[in-house]
Amino acid sequence: MKNKVLMGLAAIVMVAVLSSCGKKPQVEIDATNAAIEAAKTAEAAVYVPAEFAAVQDSMTAIMADVAAQESKLFKKFGPAKLKLDATLALANQVAANAAVKKEEVKKEVETLLTEIKAVIEENTTLMKKAPRGKEGAAVLEQIKTEMVTIEASVVEAQGLYDKGTYMDADNKVKAAKERAVGINTELKEAIAKVKGRK
């Protein structure tokens, strides 16, 4: 009789232990999802896309593991909890990294906008000094058209910057600056050739 009672108690204790391991870590899941959402709001997908993708992949794998455990009789959510803690910390880090990167890109756009305006100004001055022969006139018309396009890109980049879309502004102003510097080099070379002939 005593043995049966002890066996019964042992069985109850075992079930209690196993069921405590078998409780879905919903609090941890919610906290990690909230941290991932915060990283998304911090535009991690734009500024640190590889890191953000890693966090999302990690969460997808954890949720697959949780779903697999839920279908078992004796559920073990311990490993999933540990992974959730690590992913939560990673998501918070990614959000912080995104904020830092966003600030860096913002400053870079500010610098590039200042630099390109100086290049455009110099190009306008160089256009007046450029050779105007038969070929020169046609080339200058092409350059004028290109300069109008570049200036329009700078205005667009400024608009994107003003809206806080720094990465798009950065890409646009970089491309425009590259073209403006190319024109600058072309004009300087043409002027130098004419001077060399004199």
# chains A, B, ... in the order shown; residues from 1 in each chain; ligands from 1

$ closest_atom_pairs --of "region 113-141 of chain A" --to "region 166-188 of chain A" --cutoff "8 Å" --atoms "only C-alpha atoms" --output "Markdown table"
| residue | atom | partner | partner_atom | distance |
| --- | --- | --- | --- | --- |
| A:Leu113 | CA | A:Val173 | CA | 6.9 |
| A:Ile116 | CA | A:Lys177 | CA | 5.5 |
| A:Val119 | CA | A:Ala180 | CA | 6.6 |
| A:Ile120 | CA | A:Ala180 | CA | 6.6 |
| A:Glu122 | CA | A:Asn184 | CA | 7.6 |
| A:Asn123 | CA | A:Asn184 | CA | 5.7 |
| A:Leu126 | CA | A:Leu187 | CA | 6.4 |
| A:Met127 | CA | A:Leu187 | CA | 7.1 |
| A:Ala130 | CA | A:Leu187 | CA | 6.5 |

$ closest_residue --among "A:Ala118, A:Val100, A:Ala61, A:Val55" --to "Ala86 (chain A)" --atoms "only C-alpha atoms"
A:Val55

$ atom_distance --atom1 "CA of Glu121 (chain A)" --atom2 "CA of Val109 (chain A)"
18.2 Å

$ closest_residue --among "A:Ile143, A:Ala45, A:Thr87, A:Lys24" --to "Phe74 (chain A)" --atoms "only C-alpha atoms"
A:Lys24

$ closest_residue --among "A:Ala39, A:Ala44, A:Leu84, A:Ile150" --to "Ile62 (chain A)" --atoms "only C-alpha atoms"
A:Leu84

$ closest_residue --among "A:Ala91, A:Thr32, A:Gly78, A:Lys83" --to "Phe52 (chain A)" --atoms "only C-alpha atoms"
A:Ala91

$ closest_residue --among "A:Ala35, A:Val46, A:Ala137, A:Ala152" --to "Thr165 (chain A)" --atoms "only C-alpha atoms"
A:Val46

$ select_by_dssp --residues "region 17-99 of chain A" --states "alpha helix (DSSP H)" --output "PyMOL selection string"
chain A and resi 17-21+26-41+44-47+49-70+78-99

$ residues_around --residues "Lys102 (chain A)" --least-positions-apart "3" --cutoff "10 Å" --atoms "only C-alpha atoms" --output "PyMOL selection string"
chain A and resi 42-44+46-48+96-99+105-108+164-167

$ write_last_selection --atoms "N, CA and C atoms" --output "tab-separated table (two decimals), in the first residue's frame"
chain	number	residue	atom	x	y	z
A	42	ALA	N	12.71	51.01	-36.39
A	42	ALA	CA	13.98	51.74	-36.45
A	42	ALA	C	14.62	51.63	-37.84
A	43	GLU	N	13.88	51.04	-38.79
A	43	GLU	CA	14.30	50.87	-40.19
A	43	GLU	C	15.56	49.99	-40.32
A	44	ALA	N	15.62	48.96	-39.48
A	44	ALA	CA	16.74	48.03	-39.53
A	44	ALA	C	16.83	47.35	-40.90
A	46	VAL	N	16.37	48.64	-43.68
A	46	VAL	CA	16.99	49.57	-44.63
A	46	VAL	C	18.47	49.77	-44.30
A	47	TYR	N	18.78	49.99	-43.03
A	47	TYR	CA	20.13	50.40	-42.63
A	47	TYR	C	21.06	49.25	-42.25
A	48	VAL	N	20.52	48.17	-41.72
A	48	VAL	CA	21.33	46.97	-41.40
A	48	VAL	C	20.57	45.73	-41.86
A	96	ALA	N	19.49	49.18	-32.22
A	96	ALA	CA	20.50	50.19	-31.85
A	96	ALA	C	21.47	50.43	-33.01
A	97	ASN	N	21.91	49.34	-33.67
A	97	ASN	CA	22.82	49.47	-34.82
A	97	ASN	C	22.17	50.24	-35.96
A	98	ALA	N	20.86	50.00	-36.17
A	98	ALA	CA	20.13	50.69	-37.24
A	98	ALA	C	20.10	52.19	-36.97
A	99	ALA	N	19.88	52.56	-35.71
A	99	ALA	CA	19.84	53.98	-35.34
A	99	ALA	C	21.20	54.65	-35.59
A	105	VAL	N	24.46	57.73	-42.16
A	105	VAL	CA	24.00	58.00	-43.53
A	105	VAL	C	23.48	59.42	-43.65
A	106	LYS	N	22.77	59.88	-42.63
A	106	LYS	CA	22.23	61.25	-42.62
A	106	LYS	C	23.38	62.26	-42.76
A	107	LYS	N	24.42	62.06	-41.95
A	107	LYS	CA	25.58	62.98	-42.00
A	107	LYS	C	26.28	62.90	-43.35
A	108	GLU	N	26.38	61.68	-43.91
A	108	GLU	CA	27.02	61.50	-45.21
A	108	GLU	C	26.25	62.26	-46.29
A	164	GLY	N	13.35	62.34	-44.39
A	164	GLY	CA	13.97	61.37	-43.49
A	164	GLY	C	14.29	60.05	-44.17
A	165	THR	N	14.19	60.02	-45.50
A	165	THR	CA	14.52	58.80	-46.26
A	165	THR	C	15.99	58.90	-46.66
A	166	TYR	N	16.86	58.76	-45.66
A	166	TYR	CA	18.28	59.05	-45.86
A	166	TYR	C	19.00	58.10	-46.80
A	167	MET	N	18.66	56.81	-46.76
A	167	MET	CA	19.35	55.84	-47.61
A	167	MET	C	19.07	56.12	-49.08

$ closest_residue --among "A:Gln158, A:Lys163, A:Val27, A:Glu51" --to "Thr111 (chain A)" --atoms "only C-alpha atoms"
A:Gln158
